[in-house]
Amino acid sequence: MTYRYTRLTPDGFFTGAVKDLSRDSVVTFTGNYENRKKEGLFSGYHHRTGLPAFSGHYADNKRQGLWYYWYENGKPQITLRFSQDSVYVLEAWDRDGKQTVANGNGTVKIENFDIIEGKVKNGLMEGNWLYHRRDGYVYFQEKFKEGKFTKGTSPRDTYQDKTRFRFLQEPDQVLKGETFLFSPNCVVVKPRDKRAIKVPGYRGGNENLNKEIVAQIRNRPRSAEETLFTGIVNINFEVNTQGEVVNIHPSNSFGTPPPSLVEHLKKIVASTGKWQPALVDQQPSRYSMQLHVSFKENSFYAETRFFAPLEEGK
């Protein structure tokens with residue numbers, strides 16, 4: 001869970017400086033808004049280390065100039081330059097710190113849980129770019145010509161509307177921060193919506209929820225197959241108007257998680273028991289939630305995401 005410190009205009013828009021902090025008071029994001037638009041320096045920080053993740057400027061709500069990205073270990077990842085509607089790749093490094101693109105020429109190899117690879121010529125993305133697992137499985141591949149996206153394919157579909165590479169889009173920390181607005185007493189309200197929304201309350205306290213889930217994952221012995229799994233498992237669920245956890249199911253996982261691991265995470269969600277139901281204008285409401293767990297080798301990161309109230313019948 002992240003807490004945002006900011007000011008709001010009378011009609012519910014961010015104004016001035018914003019700062020996001022994690023539960024343990026680590027700064028995860030800073031930025032600035034003027035006239036309902038992003039303006040000035042925006043910086044994001046890795047949640048687990050507090051080290052810089054990205055930094056760059058907005059002008060008139062668009063990224064402009066140089067943007068810098070770093071790996072979680074603190075080493076540089078990629079340098080981009082935004083000009084008009086074009087993106088230029090100036091420099092890039094692999095996770096070990098070896099530079100793979102210099103002066104706008106070379107091959108990008110960004111390594112996190114998965115790998116992004118592609119060629120750069122004169123600062124522009126060129127030819128086939130891949131997003132794949134370490135075992136070679138390709139999530140999607142895209143073609144670029146002189147920096148312009150032309151076509152993408154995945155095991156499920158072919159698309160031509162826009163690129164799916166996250167580093168070419170606005171950072172998640174910027175977009176997610178604009179999904180909800182927060183009142184001084186931390187009650188969530190929908191953007192441009194006057195309803196007062198209170199999220200479901202976990203019996204052990206929402207601030208302790210992730211700690212208890214992490215303990216359950218860590219304390220259960222894992223098979224060799226589960227230990228070797230690298231990827232993401234998302235378990236969606238709902239807290240109904242009686243505070244019961246229902247409709248538990250996996251959704252949009254990355255990689256191929258062992259079925260036993262998925263079932264264990266479903267059981268953890270079910271074990272959270274009865275909650276205080278969400279309130280919309282002080283009336284009990286169904287609420288959509290998700291357990292998000294990222295696995296890498298022998299480590300993992302887990303968080304519970306509070307999405308939004310559900311309308312009746314949905």
# chains A, B, ... in the order shown; residues from 1 in each chain; ligands from 1
>>> residues_around(residues="range 74-90 of chain A", least_positions_apart="2", cutoff="7 Å", atoms="only C-alpha atoms", output="ChimeraX atom specification")
/A:51,63-72,92-94,97,101-104,110,120,123-124
>>> residues_around(residues="Glu212 in chain A", least_positions_apart="4", cutoff="12 Å", atoms="only C-alpha atoms", output="MDAnalysis selection string")
chainID A and resid 202:208 216:219 268:269 271:272 302:304
>>> residues_around(residues="Ser223 in chain A", least_positions_apart="3", cutoff="10 Å", atoms="only C-alpha atoms", output="ChimeraX atom specification")
/A:220,226-228,258,260-261
>>> write_last_selection(atoms="N, CA, C and O atoms", output="PDB file, in the first residue's frame")
ATOM      1  N   ARG A 220       5.812 -22.013   4.111  1.00  0.00           N
ATOM      2  CA  ARG A 220       5.411 -23.273   3.482  1.00  0.00           C
ATOM      3  C   ARG A 220       6.565 -23.813   2.643  1.00  0.00           C
ATOM      4  O   ARG A 220       7.103 -23.117   1.786  1.00  0.00           O
ATOM      5  N   GLU A 226       8.489 -25.286  -7.772  1.00  0.00           N
ATOM      6  CA  GLU A 226       8.027 -23.990  -7.289  1.00  0.00           C
ATOM      7  C   GLU A 226       9.200 -23.059  -7.000  1.00  0.00           C
ATOM      8  O   GLU A 226       9.143 -21.862  -7.265  1.00  0.00           O
ATOM      9  N   THR A 227      10.287 -23.613  -6.452  1.00  0.00           N
ATOM     10  CA  THR A 227      11.452 -22.800  -6.118  1.00  0.00           C
ATOM     11  C   THR A 227      12.096 -22.215  -7.359  1.00  0.00           C
ATOM     12  O   THR A 227      12.595 -21.080  -7.355  1.00  0.00           O
ATOM     13  N   LEU A 228      12.095 -22.957  -8.463  1.00  0.00           N
ATOM     14  CA  LEU A 228      12.729 -22.502  -9.700  1.00  0.00           C
ATOM     15  C   LEU A 228      11.855 -21.545 -10.503  1.00  0.00           C
ATOM     16  O   LEU A 228      12.338 -20.905 -11.448  1.00  0.00           O
ATOM     17  N   PRO A 258       3.615 -23.256 -11.359  1.00  0.00           N
ATOM     18  CA  PRO A 258       3.138 -24.596 -11.038  1.00  0.00           C
ATOM     19  C   PRO A 258       1.736 -24.535 -10.449  1.00  0.00           C
ATOM     20  O   PRO A 258       1.452 -23.651  -9.627  1.00  0.00           O
ATOM     21  N   SER A 260       0.380 -26.186  -8.170  1.00  0.00           N
ATOM     22  CA  SER A 260       0.382 -26.287  -6.707  1.00  0.00           C
ATOM     23  C   SER A 260       0.633 -24.932  -6.060  1.00  0.00           C
ATOM     24  O   SER A 260       0.067 -24.615  -5.001  1.00  0.00           O
ATOM     25  N   LEU A 261       1.459 -24.097  -6.708  1.00  0.00           N
ATOM     26  CA  LEU A 261       1.739 -22.766  -6.172  1.00  0.00           C
ATOM     27  C   LEU A 261       0.508 -21.870  -6.292  1.00  0.00           C
ATOM     28  O   LEU A 261       0.167 -21.131  -5.361  1.00  0.00           O
TER      29      LEU A 261
END
>>> select_by_dssp(residues="range 129-280 of chain A", states="helix (DSSP H, G or I)", output="ChimeraX atom specification")
/A:166-168,172-177,206-219,224-228,259-270
>>> write_last_selection(atoms="C-alpha atoms", output="mmCIF file, in the first residue's frame")
data_model
loop_
_atom_site.group_PDB
_atom_site.id
_atom_site.type_symbol
_atom_site.label_atom_id
_atom_site.label_comp_id
_atom_site.auth_asym_id
_atom_site.auth_seq_id
_atom_site.Cartn_x
_atom_site.Cartn_y
_atom_site.Cartn_z
ATOM 1 C CA ARG A 166 6.397 -0.384 -20.768
ATOM 2 C CA PHE A 167 9.565 1.729 -20.960
ATOM 3 C CA LEU A 168 8.105 3.515 -23.982
ATOM 4 C CA ASP A 172 3.313 2.840 -13.848
ATOM 5 C CA GLN A 173 3.993 4.958 -10.754
ATOM 6 C CA VAL A 174 2.756 8.018 -12.634
ATOM 7 C CA LEU A 175 -0.356 6.370 -14.101
ATOM 8 C CA LYS A 176 -1.392 4.404 -11.005
ATOM 9 C CA GLY A 177 -1.032 7.481 -8.847
ATOM 10 C CA ASN A 206 -4.778 -3.554 6.580
ATOM 11 C CA GLU A 207 -1.281 -2.458 7.578
ATOM 12 C CA ASN A 208 -0.493 -6.038 8.702
ATOM 13 C CA LEU A 209 -2.113 -7.845 5.767
ATOM 14 C CA ASN A 210 0.937 -8.106 3.498
ATOM 15 C CA LYS A 211 3.197 -9.139 6.394
ATOM 16 C CA GLU A 212 0.902 -12.054 7.253
ATOM 17 C CA ILE A 213 0.630 -13.141 3.614
ATOM 18 C CA VAL A 214 4.406 -13.002 3.162
ATOM 19 C CA ALA A 215 4.847 -15.142 6.283
ATOM 20 C CA GLN A 216 2.434 -17.779 4.952
ATOM 21 C CA ILE A 217 4.264 -17.964 1.624
ATOM 22 C CA ARG A 218 7.696 -18.090 3.258
ATOM 23 C CA ASN A 219 6.819 -20.698 5.909
ATOM 24 C CA ALA A 224 11.872 -27.794 -6.594
ATOM 25 C CA GLU A 225 9.504 -26.786 -9.395
ATOM 26 C CA GLU A 226 8.027 -23.990 -7.289
ATOM 27 C CA THR A 227 11.452 -22.800 -6.118
ATOM 28 C CA LEU A 228 12.729 -22.502 -9.700
ATOM 29 C CA PRO A 259 -0.519 -25.422 -10.305
ATOM 30 C CA SER A 260 0.382 -26.287 -6.707
ATOM 31 C CA LEU A 261 1.739 -22.766 -6.172
ATOM 32 C CA VAL A 262 -1.393 -21.166 -7.619
ATOM 33 C CA GLU A 263 -3.596 -23.329 -5.390
ATOM 34 C CA HIS A 264 -1.546 -22.384 -2.337
ATOM 35 C CA LEU A 265 -1.960 -18.678 -3.050
ATOM 36 C CA LYS A 266 -5.705 -19.164 -3.525
ATOM 37 C CA LYS A 267 -5.839 -20.848 -0.110
ATOM 38 C CA ILE A 268 -3.943 -17.937 1.440
ATOM 39 C CA VAL A 269 -6.522 -15.514 0.051
ATOM 40 C CA ALA A 270 -9.357 -17.689 1.391
#
>>> residues_around(residues="His292 in chain A", least_positions_apart="3", cutoff="9 Å", atoms="only C-alpha atoms", output="mmCIF file with N, CA and C atoms, in the first residue's frame")
data_model
loop_
_atom_site.group_PDB
_atom_site.id
_atom_site.type_symbol
_atom_site.label_atom_id
_atom_site.label_comp_id
_atom_site.auth_asym_id
_atom_site.auth_seq_id
_atom_site.Cartn_x
_atom_site.Cartn_y
_atom_site.Cartn_z
ATOM 1 N N ILE A 232 5.196 -13.962 -12.302
ATOM 2 C CA ILE A 232 4.209 -13.258 -11.485
ATOM 3 C C ILE A 232 2.918 -14.062 -11.426
ATOM 4 N N VAL A 233 2.354 -14.162 -10.235
ATOM 5 C CA VAL A 233 1.045 -14.805 -10.051
ATOM 6 C C VAL A 233 0.091 -13.768 -9.466
ATOM 7 N N ASN A 234 -1.017 -13.552 -10.150
ATOM 8 C CA ASN A 234 -2.061 -12.651 -9.665
ATOM 9 C C ASN A 234 -3.299 -13.471 -9.299
ATOM 10 N N ILE A 235 -3.782 -13.299 -8.093
ATOM 11 C CA ILE A 235 -5.010 -13.961 -7.643
ATOM 12 C C ILE A 235 -6.058 -12.880 -7.382
ATOM 13 N N ASN A 236 -7.055 -12.817 -8.237
ATOM 14 C CA ASN A 236 -8.134 -11.849 -8.057
ATOM 15 C C ASN A 236 -9.182 -12.404 -7.102
ATOM 16 N N TYR A 301 8.161 -11.185 -3.793
ATOM 17 C CA TYR A 301 7.589 -9.938 -3.284
ATOM 18 C C TYR A 301 6.081 -10.049 -3.422
ATOM 19 N N ALA A 302 5.341 -9.707 -2.361
ATOM 20 C CA ALA A 302 3.883 -9.843 -2.370
ATOM 21 C C ALA A 302 3.225 -8.553 -1.906
ATOM 22 N N GLU A 303 2.123 -8.216 -2.552
ATOM 23 C CA GLU A 303 1.326 -7.087 -2.098
ATOM 24 C C GLU A 303 -0.142 -7.345 -2.420
ATOM 25 N N THR A 304 -1.023 -6.782 -1.594
ATOM 26 C CA THR A 304 -2.456 -6.866 -1.818
ATOM 27 C C THR A 304 -2.927 -5.564 -2.420
ATOM 28 N N ARG A 305 -3.647 -5.657 -3.542
ATOM 29 C CA ARG A 305 -4.085 -4.468 -4.260
ATOM 30 C C ARG A 305 -5.582 -4.257 -4.063
#
>>> closest_residue(among="A:Pro200, A:Gly255, A:Pro284, A:Pro309", to="Phe229 in chain A", atoms="only C-alpha atoms")
A:Gly255
>>> closest_residue(among="A:Pro221, A:Gly127, A:Gly231, A:Gly12", to="Phe149 in chain A", atoms="only C-alpha atoms")
A:Gly127
>>> closest_residue(among="A:Arg36, A:Ser299, A:Glu170, A:Val245", to="Trp275 in chain A", atoms="only C-alpha atoms")
A:Val245
